[in-house]
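Below is my_file_25.txt, which holds compact mmCIF, C-alpha atoms.
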```txt
# COMPACT_ATOMS: atom_id res chain seq x y z
CA MET A 1 27.20 7.31 -16.22
CA SER A 2 25.09 9.09 -13.61
CA GLN A 3 22.27 9.05 -16.17
CA ALA A 4 22.60 5.30 -16.56
CA SER A 5 22.46 4.62 -12.82
CA HIS A 6 18.96 6.17 -12.66
CA GLN A 7 17.64 3.89 -15.36
CA TRP A 8 15.96 0.61 -14.66
CA PRO A 9 17.89 -2.39 -16.00
CA LEU A 10 17.32 -3.55 -19.54
CA TRP A 11 15.61 -6.90 -20.21
CA GLU A 12 15.43 -8.96 -23.39
CA VAL A 13 12.01 -10.35 -24.17
CA PHE A 14 11.34 -13.69 -25.83
CA VAL A 15 7.80 -14.62 -26.84
CA ARG A 16 6.49 -18.00 -27.89
CA SER A 17 3.69 -17.36 -30.36
CA LYS A 18 2.12 -20.80 -30.02
CA ASN A 19 2.74 -24.09 -28.35
CA GLY A 20 5.29 -26.17 -30.18
CA LEU A 21 7.21 -23.20 -31.50
CA ALA A 22 10.38 -21.86 -29.90
CA HIS A 23 10.54 -18.59 -27.99
CA LYS A 24 11.61 -15.83 -30.34
CA HIS A 25 13.34 -12.60 -29.46
CA SER A 26 10.77 -9.80 -29.61
CA GLY A 27 12.73 -6.84 -28.32
CA SER A 28 13.82 -5.30 -25.07
CA LEU A 29 12.43 -3.10 -22.32
CA HIS A 30 13.29 -1.43 -19.04
CA ALA A 31 11.90 -2.76 -15.76
CA PRO A 32 12.91 -2.62 -12.08
CA ASP A 33 12.86 -6.41 -11.63
CA ALA A 34 11.97 -9.69 -13.32
CA GLU A 35 8.33 -9.80 -12.22
CA MET A 36 7.71 -6.28 -13.55
CA ALA A 37 9.65 -7.08 -16.71
CA LEU A 38 7.21 -9.94 -17.39
CA LYS A 39 4.22 -7.67 -16.85
CA ASN A 40 5.70 -4.95 -19.03
CA ALA A 41 6.53 -7.50 -21.71
CA ARG A 42 2.92 -8.65 -21.66
CA ASP A 43 1.79 -5.07 -22.21
CA VAL A 44 4.39 -4.08 -24.77
CA TYR A 45 4.81 -7.24 -26.84
CA THR A 46 1.63 -9.31 -26.56
CA ARG A 47 -1.11 -6.71 -26.97
CA ARG A 48 -2.32 -8.25 -30.22
CA SER A 49 -2.43 -11.87 -29.05
CA GLU A 50 1.12 -12.56 -30.15
CA GLY A 51 1.99 -15.03 -27.46
CA VAL A 52 1.29 -17.92 -25.15
CA SER A 53 4.49 -17.70 -23.12
CA ILE A 54 7.07 -15.04 -22.29
CA TRP A 55 10.69 -15.23 -21.14
CA VAL A 56 12.56 -12.21 -19.85
CA VAL A 57 16.32 -12.24 -19.43
CA PRO A 58 18.52 -9.47 -18.05
CA SER A 59 20.33 -8.04 -21.07
CA SER A 60 23.51 -8.01 -19.00
CA SER A 61 23.34 -11.82 -18.78
CA ILE A 62 23.61 -12.22 -22.51
CA THR A 63 27.05 -12.83 -23.95
CA ALA A 64 27.12 -11.76 -27.55
CA SER A 65 29.56 -12.66 -30.28
CA SER A 66 31.61 -9.75 -31.52
CA PRO A 67 31.12 -8.43 -35.06
CA ASP A 68 34.95 -8.56 -35.43
CA GLU A 69 34.81 -12.33 -35.10
CA LYS A 70 32.28 -12.68 -37.88
CA ASP A 71 34.65 -14.26 -40.38
CA PRO A 72 36.32 -16.83 -38.15
CA LEU A 73 32.95 -17.83 -36.69
CA PHE A 74 30.67 -17.93 -39.68
CA ALA A 75 32.56 -17.76 -42.96
CA PRO A 76 33.84 -21.37 -42.86
CA SER A 77 30.30 -22.76 -43.17
CA ASP A 78 29.47 -20.66 -46.22
CA ASP A 79 30.89 -23.19 -48.67
CA LYS A 80 29.51 -26.30 -46.98
CA VAL A 81 26.09 -26.52 -48.61
CA TYR A 82 25.89 -30.23 -47.80
CA ARG A 83 25.16 -29.23 -44.22
CA HIS A 84 21.76 -27.94 -45.27
CA PRO A 85 19.05 -30.60 -45.37
CA THR A 86 17.84 -29.16 -48.68
CA PHE A 87 18.20 -32.43 -50.56
CA TYR A 88 15.29 -34.00 -48.74
CA ASP A 89 11.53 -33.43 -49.02
CA ILE A 90 9.99 -32.83 -45.63
CA PRO A 91 6.55 -34.43 -45.30
CA ASP A 92 3.80 -31.95 -44.38
CA GLU A 93 2.88 -34.06 -41.33
CA VAL A 94 6.14 -33.11 -39.65
CA GLY A 95 4.84 -29.60 -39.05
CA HIS A 96 7.21 -27.08 -37.51
CA MET A 97 10.88 -27.93 -37.67
CA MET B 1 -34.20 10.61 -22.59
CA LYS B 2 -35.13 10.28 -18.97
CA TRP B 3 -32.04 8.90 -17.30
CA ASP B 4 -33.39 9.37 -13.79
CA THR B 5 -36.49 7.29 -14.30
CA CYS B 6 -34.94 4.16 -15.73
CA ASP B 7 -35.73 0.81 -14.13
CA PRO B 8 -33.49 -0.66 -11.41
CA LYS B 9 -31.66 -3.03 -13.73
CA THR B 10 -30.82 -0.33 -16.28
CA ALA B 11 -29.70 1.97 -13.49
CA TYR B 12 -27.43 -0.74 -12.11
CA VAL B 13 -25.89 -1.48 -15.52
CA LEU B 14 -25.31 2.25 -15.97
CA HIS B 15 -23.60 2.40 -12.58
CA LEU B 16 -21.23 -0.40 -13.64
CA ALA B 17 -20.63 1.28 -17.00
CA ASP B 18 -19.95 4.69 -15.45
CA ASP B 19 -17.26 3.30 -13.12
CA ALA B 20 -15.43 1.75 -16.06
CA LEU B 21 -15.76 4.76 -18.36
CA ILE B 22 -14.79 7.43 -15.84
CA LEU B 23 -11.76 5.55 -14.50
CA GLY B 24 -10.80 4.61 -18.07
CA GLN B 25 -10.93 8.28 -19.05
CA ARG B 26 -8.83 9.26 -16.03
CA LEU B 27 -6.17 6.67 -16.87
CA ALA B 28 -6.16 7.80 -20.49
CA GLU B 29 -4.84 11.16 -19.26
CA TRP B 30 -1.55 9.36 -18.59
CA CYS B 31 -1.18 8.62 -22.30
CA GLY B 32 2.07 10.23 -23.35
CA HIS B 33 2.86 11.26 -19.77
CA GLY B 34 3.88 7.97 -18.13
CA PRO B 35 7.17 8.05 -16.23
CA ILE B 36 8.66 5.61 -18.72
CA LEU B 37 7.37 4.16 -21.97
CA GLU B 38 6.58 0.71 -20.54
CA GLN B 39 4.41 2.12 -17.75
CA ASP B 40 2.73 4.54 -20.12
CA ILE B 41 1.67 1.57 -22.24
CA ALA B 42 0.63 -0.44 -19.20
CA LEU B 43 -1.74 2.24 -17.89
CA THR B 44 -3.22 3.03 -21.28
CA ASN B 45 -3.81 -0.70 -21.83
CA ILE B 46 -5.77 -0.79 -18.59
CA SER B 47 -7.61 2.33 -19.69
CA LEU B 48 -8.60 0.66 -22.95
CA ASP B 49 -9.73 -2.49 -21.14
CA LEU B 50 -11.98 -0.37 -18.92
CA ILE B 51 -13.42 1.63 -21.80
CA GLY B 52 -14.05 -1.62 -23.69
CA LEU B 53 -15.88 -2.95 -20.66
CA ALA B 54 -17.86 0.30 -20.35
CA ARG B 55 -19.00 -0.12 -23.94
CA GLN B 56 -20.37 -3.60 -23.26
CA TYR B 57 -22.35 -2.28 -20.30
CA TYR B 58 -23.58 0.82 -22.18
CA GLN B 59 -24.68 -1.27 -25.15
CA TYR B 60 -26.67 -3.44 -22.79
CA ALA B 61 -28.15 -0.42 -20.99
CA ALA B 62 -29.08 1.15 -24.33
CA GLU B 63 -30.90 -2.04 -25.34
CA LEU B 64 -32.74 -2.07 -22.02
CA MET B 65 -33.75 1.57 -22.48
CA GLY B 66 -34.95 1.09 -26.05
CA GLU B 67 -36.40 4.09 -27.94
CA GLY B 68 -33.34 4.16 -30.18
CA CYS B 69 -30.96 4.95 -27.31
CA THR B 70 -27.30 4.24 -28.12
CA GLU B 71 -24.11 3.69 -26.13
CA ASN B 72 -22.91 7.09 -27.33
CA ASP B 73 -25.99 8.84 -25.92
CA LEU B 74 -25.27 7.27 -22.56
CA ALA B 75 -21.56 8.05 -22.48
CA TYR B 76 -21.55 11.49 -24.07
CA HIS B 77 -24.94 13.08 -23.58
CA ARG B 78 -25.66 12.61 -19.92
CA ASP B 79 -24.79 15.26 -17.34
CA SER B 80 -22.82 14.79 -14.16
CA ARG B 81 -25.88 14.18 -11.98
CA ALA B 82 -26.91 11.24 -14.15
CA PHE B 83 -23.56 9.45 -13.71
CA MET B 84 -23.44 6.86 -10.92
CA ASN B 85 -19.73 6.07 -10.72
CA HIS B 86 -17.95 5.79 -7.39
CA LEU B 87 -16.26 9.06 -6.38
CA ILE B 88 -12.87 7.33 -6.37
CA CYS B 89 -13.04 6.83 -10.16
CA GLU B 90 -13.22 10.54 -10.91
CA GLN B 91 -10.47 11.67 -8.51
CA PRO B 92 -7.53 13.36 -10.28
CA ASN B 93 -4.48 11.29 -11.16
CA GLY B 94 -2.10 13.19 -8.88
CA HIS B 95 1.35 11.64 -8.94
CA TRP B 96 2.24 8.07 -9.90
CA GLY B 97 1.62 6.76 -6.38
CA ASP B 98 -1.79 8.46 -6.21
CA THR B 99 -2.85 6.86 -9.49
CA LEU B 100 -1.64 3.44 -8.38
CA ALA B 101 -3.23 3.69 -4.92
CA ARG B 102 -6.56 4.61 -6.50
CA GLN B 103 -6.12 1.79 -9.02
CA PHE B 104 -5.15 -0.77 -6.38
CA TYR B 105 -8.26 -0.11 -4.29
CA PHE B 106 -10.51 -0.09 -7.35
CA ASP B 107 -9.03 -3.14 -9.09
CA THR B 108 -9.29 -5.23 -5.93
CA PHE B 109 -12.93 -4.22 -5.50
CA HIS B 110 -13.60 -4.66 -9.21
CA PHE B 111 -12.27 -8.20 -9.10
CA PHE B 112 -14.58 -9.27 -6.27
CA GLN B 113 -17.48 -7.38 -7.84
CA LEU B 114 -17.02 -9.25 -11.14
CA GLU B 115 -16.64 -12.53 -9.30
CA ALA B 116 -20.05 -11.90 -7.77
CA LEU B 117 -21.52 -10.69 -11.06
CA ALA B 118 -20.44 -13.93 -12.70
CA GLN B 119 -23.18 -15.46 -10.48
CA SER B 120 -25.76 -12.80 -11.38
CA SER B 121 -29.36 -13.77 -12.09
CA ASP B 122 -28.97 -11.79 -15.32
CA GLU B 123 -27.42 -13.80 -18.14
CA ARG B 124 -25.94 -10.84 -20.00
CA LEU B 125 -24.21 -9.55 -16.85
CA ARG B 126 -22.85 -13.04 -16.13
CA HIS B 127 -21.44 -13.14 -19.62
CA ILE B 128 -19.80 -9.69 -19.45
CA ALA B 129 -18.35 -10.40 -16.00
CA ALA B 130 -16.91 -13.78 -16.96
CA LYS B 131 -15.05 -12.10 -19.81
CA ALA B 132 -13.88 -9.06 -17.85
CA ILE B 133 -12.59 -10.94 -14.83
CA LYS B 134 -9.54 -12.19 -16.74
CA GLU B 135 -8.24 -8.75 -17.62
CA THR B 136 -9.26 -7.42 -14.22
CA SER B 137 -7.14 -10.07 -12.45
CA TYR B 138 -4.23 -8.75 -14.43
CA HIS B 139 -5.03 -5.12 -13.51
CA ALA B 140 -5.21 -6.12 -9.85
CA GLN B 141 -1.87 -7.93 -10.02
CA TYR B 142 -0.26 -5.01 -11.77
CA SER B 143 -1.43 -2.37 -9.29
CA ALA B 144 -0.63 -4.65 -6.33
CA GLU B 145 2.92 -5.17 -7.63
CA TRP B 146 3.36 -1.42 -7.71
CA ILE B 147 2.05 -0.96 -4.18
CA ILE B 148 4.57 -3.55 -2.99
CA ARG B 149 7.46 -1.91 -4.82
CA LEU B 150 6.61 1.60 -3.70
CA GLY B 151 5.92 0.57 -0.09
CA ASP B 152 8.97 -1.63 0.16
CA GLY B 153 11.09 0.75 -1.93
CA THR B 154 12.86 3.85 -0.65
CA GLU B 155 11.99 5.92 2.39
CA GLU B 156 10.51 8.54 0.07
CA SER B 157 8.41 6.10 -1.99
CA HIS B 158 7.16 4.46 1.22
CA ALA B 159 6.05 7.79 2.71
CA LYS B 160 4.39 8.92 -0.52
CA ILE B 161 2.44 5.73 -1.21
CA ALA B 162 1.34 5.55 2.45
CA GLN B 163 -0.04 9.07 2.07
CA SER B 164 -1.78 8.22 -1.23
CA LEU B 165 -3.35 5.09 0.29
CA ARG B 166 -4.60 7.07 3.29
CA HIS B 167 -6.05 9.70 0.97
CA PHE B 168 -8.09 7.25 -1.08
CA ALA B 169 -9.23 4.95 1.77
CA PRO B 170 -12.42 6.93 2.62
CA PHE B 171 -13.28 6.92 -1.10
CA ALA B 172 -12.81 3.14 -1.17
CA HIS B 173 -15.27 2.97 1.72
CA GLU B 174 -18.00 4.00 -0.74
CA PHE B 175 -17.67 0.60 -2.47
CA PHE B 176 -19.29 -1.04 0.53
CA VAL B 177 -22.01 1.49 1.35
CA ALA B 178 -25.04 0.44 -0.65
CA SER B 179 -26.84 3.03 -2.77
CA GLU B 180 -30.50 2.62 -3.69
CA VAL B 181 -29.38 1.20 -7.01
CA ASP B 182 -27.10 -1.34 -5.26
CA ARG B 183 -29.92 -2.35 -2.93
CA ALA B 184 -32.39 -2.90 -5.74
CA ALA B 185 -29.79 -4.94 -7.62
CA ALA B 186 -29.08 -7.13 -4.61
CA GLU B 187 -32.79 -7.68 -3.95
CA ALA B 188 -33.41 -8.84 -7.51
CA ASP B 189 -30.19 -10.86 -7.32
CA PHE B 190 -28.56 -9.40 -10.42
CA GLY B 191 -25.89 -7.70 -8.35
CA PRO B 192 -24.07 -8.52 -5.10
CA LYS B 193 -24.85 -7.07 -1.70
CA VAL B 194 -21.92 -4.65 -1.64
CA SER B 195 -21.34 -4.87 2.10
CA ASP B 196 -20.64 -8.60 1.59
CA LEU B 197 -17.63 -7.74 -0.56
CA SER B 198 -15.81 -5.75 2.11
CA SER B 199 -14.22 -8.63 4.03
CA SER B 200 -12.63 -10.23 0.93
CA TRP B 201 -11.49 -6.79 -0.18
CA GLU B 202 -9.92 -5.88 3.16
CA GLU B 203 -8.24 -9.25 3.45
CA LYS B 204 -6.67 -8.99 -0.01
CA VAL B 205 -5.72 -5.32 0.37
CA ASN B 206 -4.14 -5.93 3.78
CA ALA B 207 -2.19 -8.96 2.54
CA ILE B 208 -0.62 -6.77 -0.15
CA LEU B 209 -0.04 -3.87 2.26
CA GLN B 210 1.76 -6.23 4.62
CA LEU B 211 4.06 -7.38 1.82
CA ALA B 212 4.62 -3.71 1.04
CA THR B 213 5.59 -3.04 4.70
CA LEU B 214 2.64 -0.63 4.93
CA ASP B 215 0.00 -0.23 7.64
CA PRO B 216 -3.35 -2.04 7.22
CA VAL B 217 -6.06 -0.01 5.54
CA ASP B 218 -8.25 2.24 7.67
CA LEU B 219 -11.35 3.06 5.64
CA GLY B 220 -12.39 5.91 7.90
CA PHE B 221 -15.59 7.87 7.37
CA PRO B 222 -16.91 7.14 3.86
CA LYS B 223 -16.71 9.80 1.17
CA LYS B 224 -19.81 8.88 -0.76
CA GLY B 225 -22.50 10.19 -3.04
CA GLY B 226 -21.10 9.30 -6.42
CA LYS B 227 -23.43 6.34 -6.83
CA ALA B 228 -26.39 8.69 -6.28
CA GLY B 229 -25.09 11.19 -8.84
CA LEU B 230 -23.56 13.61 -6.32
CA HIS B 231 -20.05 14.11 -7.61
CA SER B 232 -16.96 16.07 -6.71
CA GLU B 233 -16.10 19.14 -8.77
CA HIS B 234 -13.51 17.09 -10.69
CA HIS B 235 -16.31 15.16 -12.39
CA GLY B 236 -17.61 18.16 -14.34
CA TYR B 237 -14.18 18.97 -15.77
CA LEU B 238 -13.63 15.36 -16.75
CA LEU B 239 -16.98 15.23 -18.56
CA ALA B 240 -16.36 18.59 -20.21
CA GLU B 241 -13.20 17.25 -21.79
CA MET B 242 -14.56 13.80 -22.57
CA GLN B 243 -17.89 14.96 -24.00
CA SER B 244 -16.89 18.18 -25.76
CA LEU B 245 -16.47 16.68 -29.21
CA ALA B 246 -19.66 14.62 -29.10
CA ARG B 247 -21.61 17.63 -27.89
CA ALA B 248 -20.14 20.08 -30.39
CA TYR B 249 -20.75 17.68 -33.29
CA PRO B 250 -23.65 15.48 -32.15
CA ASP B 251 -23.73 13.50 -35.38
CA ALA B 252 -19.99 12.95 -35.62
CA SER B 253 -18.97 9.42 -36.50
CA TRP B 254 -15.70 7.65 -37.19
```

Now that the file is in, can you turn its structure into structure tokens?
Amino acid sequence: MSQASHQWPLWEVFVRSKNGLAHKHSGSLHAPDAEMALKNARDVYTRRSEGVSIWVVPSSSITASSPDEKDPLFAPSDDKVYRHPTFYDIPDEVGHM
Amino acid sequence: MKWDTCDPKTAYVLHLADDALILGQRLAEWCGHGPILEQDIALTNISLDLIGLARQYYQYAAELMGEGCTENDLAYHRDSRAFMNHLICEQPNGHWGDTLARQFYFDTFHFFQLEALAQSSDERLRHIAAKAIKETSYHAQYSAEWIIRLGDGTEESHAKIAQSLRHFAPFAHEFFVASEVDRAAAEADFGPKVSDLSSSWEEKVNAILQLATLDPVDLGFPKKGGKAGLHSEHHGYLLAEMQSLARAYPDASW
């Protein structure tokens, strides 16, 4: 634990690659505070013009589902194919969905 | 090649190029040695930006010189006395605070210098400056953020960054003491009058220092000479490392 207390907090980085698209999780990084986390994210995750917008979120603020709950959470939808809009043709003009 | 007899514009472009290359090379020494991965990447990104900028200037200088001169000749086959970078650019990295203090002073100057160059009478310089000012604003923000965090951090970080800032202040003074090359550039209006940049620089630097709970900058007696080719002993070692490959294998190519 003493090791951990010397580490900067962990941040999750979300990058929007272009306007109109959603922010997508790119990875994580260590930074002393939010402002620095943004700057580090810019350097680590957008060096090759990957993004137009960045979000950083303290990893500790994320509540994750537990792998043990996988079946109760997700299995029930496996046999409900009618929930997928796969029976429709999406016109090209719609763009990103 | 006769580096010492080039015309005032070429000399000025070389001076701009040398600042970017020498500081870029210094920052590159952090590659693989940063305190944590994210900061290692941040500094090497800045290093690459500066070396990219140096290339644009050297390519322009090589065109101005003609006679088949190339950017590689200018970067790798000139000796210390022919380099016209500010002394601050060649100073050793020291510890993290030293590197960031040096960077903070330089980035802030560099920003105002590019802002002025964007109004240059020379079209090519205007073009290069307009492009470089974007990345330089980022460099300046990054180094300023660090000054604030170190100054307003722990008692130890405050004392160390205050010492680093004091150490580099007389070197920063050289920015605003015109060399012959600066004077010729200002007269022909392709470069700024450097003394005109000092008030914006001091204002910006002091605003950041105040946020960082640090004392205002005291430039002291200038440590100068770099712009006239009179360098500190560190310069020779830097060139020896940077130029060794190009000099051992003059025709080497990628």

ask   = Got a sec to pull out which chain B residues are within 8 Å of chain A, counting only C-alpha atoms, and send them as a ChimeraX atom specification?
value = /B:38-39,41-42,45,142,145

Okay, now the selection with C-alpha atoms, as a PDB file, keeping the file's coordinate frame?
```
ATOM      1  CA  GLU B  38       6.580   0.710 -20.540  1.00  0.00           C
ATOM      2  CA  GLN B  39       4.410   2.120 -17.750  1.00  0.00           C
ATOM      3  CA  ILE B  41       1.670   1.570 -22.240  1.00  0.00           C
ATOM      4  CA  ALA B  42       0.630  -0.440 -19.200  1.00  0.00           C
ATOM      5  CA  ASN B  45      -3.810  -0.700 -21.830  1.00  0.00           C
ATOM      6  CA  TYR B 142      -0.260  -5.010 -11.770  1.00  0.00           C
ATOM      7  CA  GLU B 145       2.920  -5.170  -7.630  1.00  0.00           C
TER       8      GLU B 145
END
```

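The interatomic distance for the pair CA of Arg183 in chain B and CA of Ala169 in chain B works out to 22.4 Å.
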
Emit as AutoDock Vina command-line options the padded axis-aligned box for all listed atoms of range 135-149 of chain B, 3 Å per side, with centre and edge lengths in Å to one decimal.
```
--center_x -0.9 --center_y -5.5 --center_z -10.3 --size_x 22.7 --size_y 15.1 --size_z 20.6
```

Contact table range 41-103 of chain B vs range 16-36 of chain B, cut-off 9 Å, shortest pair per residue, only C-alpha atoms, as a tab-separated table:
```
residue	atom	partner	partner_atom	distance
B:Ile41	CA	B:Cys31	CA	7.6
B:Leu43	CA	B:Leu27	CA	6.3
B:Thr44	CA	B:Ala28	CA	5.7
B:Asn45	CA	B:Ala28	CA	8.9
B:Ile46	CA	B:Gly24	CA	7.4
B:Ser47	CA	B:Gly24	CA	4.2
B:Leu48	CA	B:Gly24	CA	6.7
B:Asp49	CA	B:Gly24	CA	7.8
B:Leu50	CA	B:Ala20	CA	5.0
B:Ile51	CA	B:Leu21	CA	5.2
B:Gly52	CA	B:Ala20	CA	8.5
B:Leu53	CA	B:Ala20	CA	6.6
B:Ala54	CA	B:Ala17	CA	4.5
B:Arg55	CA	B:Ala17	CA	7.3
B:Gln56	CA	B:Ala17	CA	7.9
B:Tyr57	CA	B:Ala17	CA	5.1
B:Tyr58	CA	B:Ala17	CA	6.0
B:Ala61	CA	B:Ala17	CA	8.7
B:Ala75	CA	B:Leu21	CA	7.8
B:Phe83	CA	B:Asp18	CA	6.2
B:Met84	CA	B:Asp18	CA	6.1
B:Asn85	CA	B:Asp19	CA	4.4
B:His86	CA	B:Asp19	CA	6.3
B:Leu87	CA	B:Asp19	CA	8.9
B:Ile88	CA	B:Leu23	CA	8.4
B:Cys89	CA	B:Leu23	CA	4.7
B:Glu90	CA	B:Ile22	CA	6.0
B:Gln91	CA	B:Arg26	CA	8.1
B:Pro92	CA	B:Arg26	CA	7.2
B:Asn93	CA	B:Arg26	CA	6.8
B:Trp96	CA	B:Pro35	CA	8.0
B:Thr99	CA	B:Leu27	CA	8.1
B:Gln103	CA	B:Leu23	CA	8.7
```

message = If I take CA of Ser200 in chain B and CA of Asp152 in chain B, how far is one from the other in Å, to one decimal?
response = 23.3 Å

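Nearest residue to Asp73 in chain B, choosing from B:Ser195, B:Leu14, B:Arg102, B:Ala118 and counting only C-alpha atoms: B:Leu14.
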
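Coordinates place CA of Pro216 in chain B at a distance of 17.3 Å from CA of Phe176 in chain B.
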
Missing atoms in range 48-70 of chain A: can you complete it with N, CA and C atoms, as a compact mmCIF listing (two decimals), keeping the file's coordinate frame?
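Final output, saved to rebuild08.txt:
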```txt
# COMPACT_ATOMS: atom_id res chain seq x y z
N ARG A 48 -1.47 -7.81 -29.10
CA ARG A 48 -2.32 -8.25 -30.22
C ARG A 48 -2.32 -9.77 -30.30
N SER A 49 -2.38 -10.40 -29.14
CA SER A 49 -2.43 -11.87 -29.05
C SER A 49 -1.24 -12.54 -29.71
N GLU A 50 -0.06 -11.98 -29.51
CA GLU A 50 1.12 -12.56 -30.15
C GLU A 50 1.65 -13.78 -29.43
N GLY A 51 1.26 -14.00 -28.18
CA GLY A 51 1.99 -15.03 -27.46
C GLY A 51 1.22 -15.91 -26.52
N VAL A 52 1.83 -17.04 -26.18
CA VAL A 52 1.29 -17.92 -25.15
C VAL A 52 2.28 -18.07 -23.99
N SER A 53 3.50 -17.58 -24.17
CA SER A 53 4.49 -17.70 -23.12
C SER A 53 5.57 -16.63 -23.32
N ILE A 54 6.06 -16.10 -22.20
CA ILE A 54 7.07 -15.04 -22.29
C ILE A 54 8.28 -15.42 -21.44
N TRP A 55 9.48 -15.17 -21.95
CA TRP A 55 10.69 -15.23 -21.14
C TRP A 55 11.26 -13.82 -21.08
N VAL A 56 11.77 -13.44 -19.92
CA VAL A 56 12.56 -12.21 -19.85
C VAL A 56 13.94 -12.56 -19.28
N VAL A 57 14.95 -11.96 -19.83
CA VAL A 57 16.32 -12.24 -19.43
C VAL A 57 17.04 -10.90 -19.27
N PRO A 58 17.77 -10.72 -18.16
CA PRO A 58 18.52 -9.47 -18.05
C PRO A 58 19.49 -9.35 -19.24
N SER A 59 19.47 -8.21 -19.90
CA SER A 59 20.33 -8.04 -21.07
C SER A 59 21.79 -8.26 -20.70
N SER A 60 22.12 -7.90 -19.43
CA SER A 60 23.51 -8.01 -19.00
C SER A 60 23.95 -9.47 -18.91
N SER A 61 22.98 -10.41 -18.87
CA SER A 61 23.34 -11.82 -18.78
C SER A 61 23.62 -12.44 -20.14
N ILE A 62 23.40 -11.66 -21.17
CA ILE A 62 23.61 -12.22 -22.51
C ILE A 62 25.04 -11.94 -22.96
N THR A 63 25.73 -12.98 -23.36
CA THR A 63 27.05 -12.83 -23.95
C THR A 63 26.89 -12.89 -25.45
N ALA A 64 27.32 -11.83 -26.11
CA ALA A 64 27.12 -11.76 -27.55
C ALA A 64 28.43 -11.96 -28.28
N SER A 65 28.34 -12.54 -29.46
CA SER A 65 29.56 -12.66 -30.28
C SER A 65 29.90 -11.28 -30.81
N SER A 66 31.18 -11.06 -31.06
CA SER A 66 31.61 -9.75 -31.52
C SER A 66 31.59 -9.70 -33.04
N PRO A 67 31.14 -8.56 -33.60
CA PRO A 67 31.12 -8.43 -35.06
C PRO A 67 32.51 -8.69 -35.67
N ASP A 68 33.59 -8.36 -34.91
CA ASP A 68 34.95 -8.56 -35.43
C ASP A 68 35.25 -10.03 -35.69
N GLU A 69 34.53 -10.89 -34.96
CA GLU A 69 34.81 -12.33 -35.10
C GLU A 69 33.96 -12.98 -36.17
N LYS A 70 33.24 -12.15 -36.93
CA LYS A 70 32.28 -12.68 -37.88
C LYS A 70 32.91 -13.71 -38.81
```
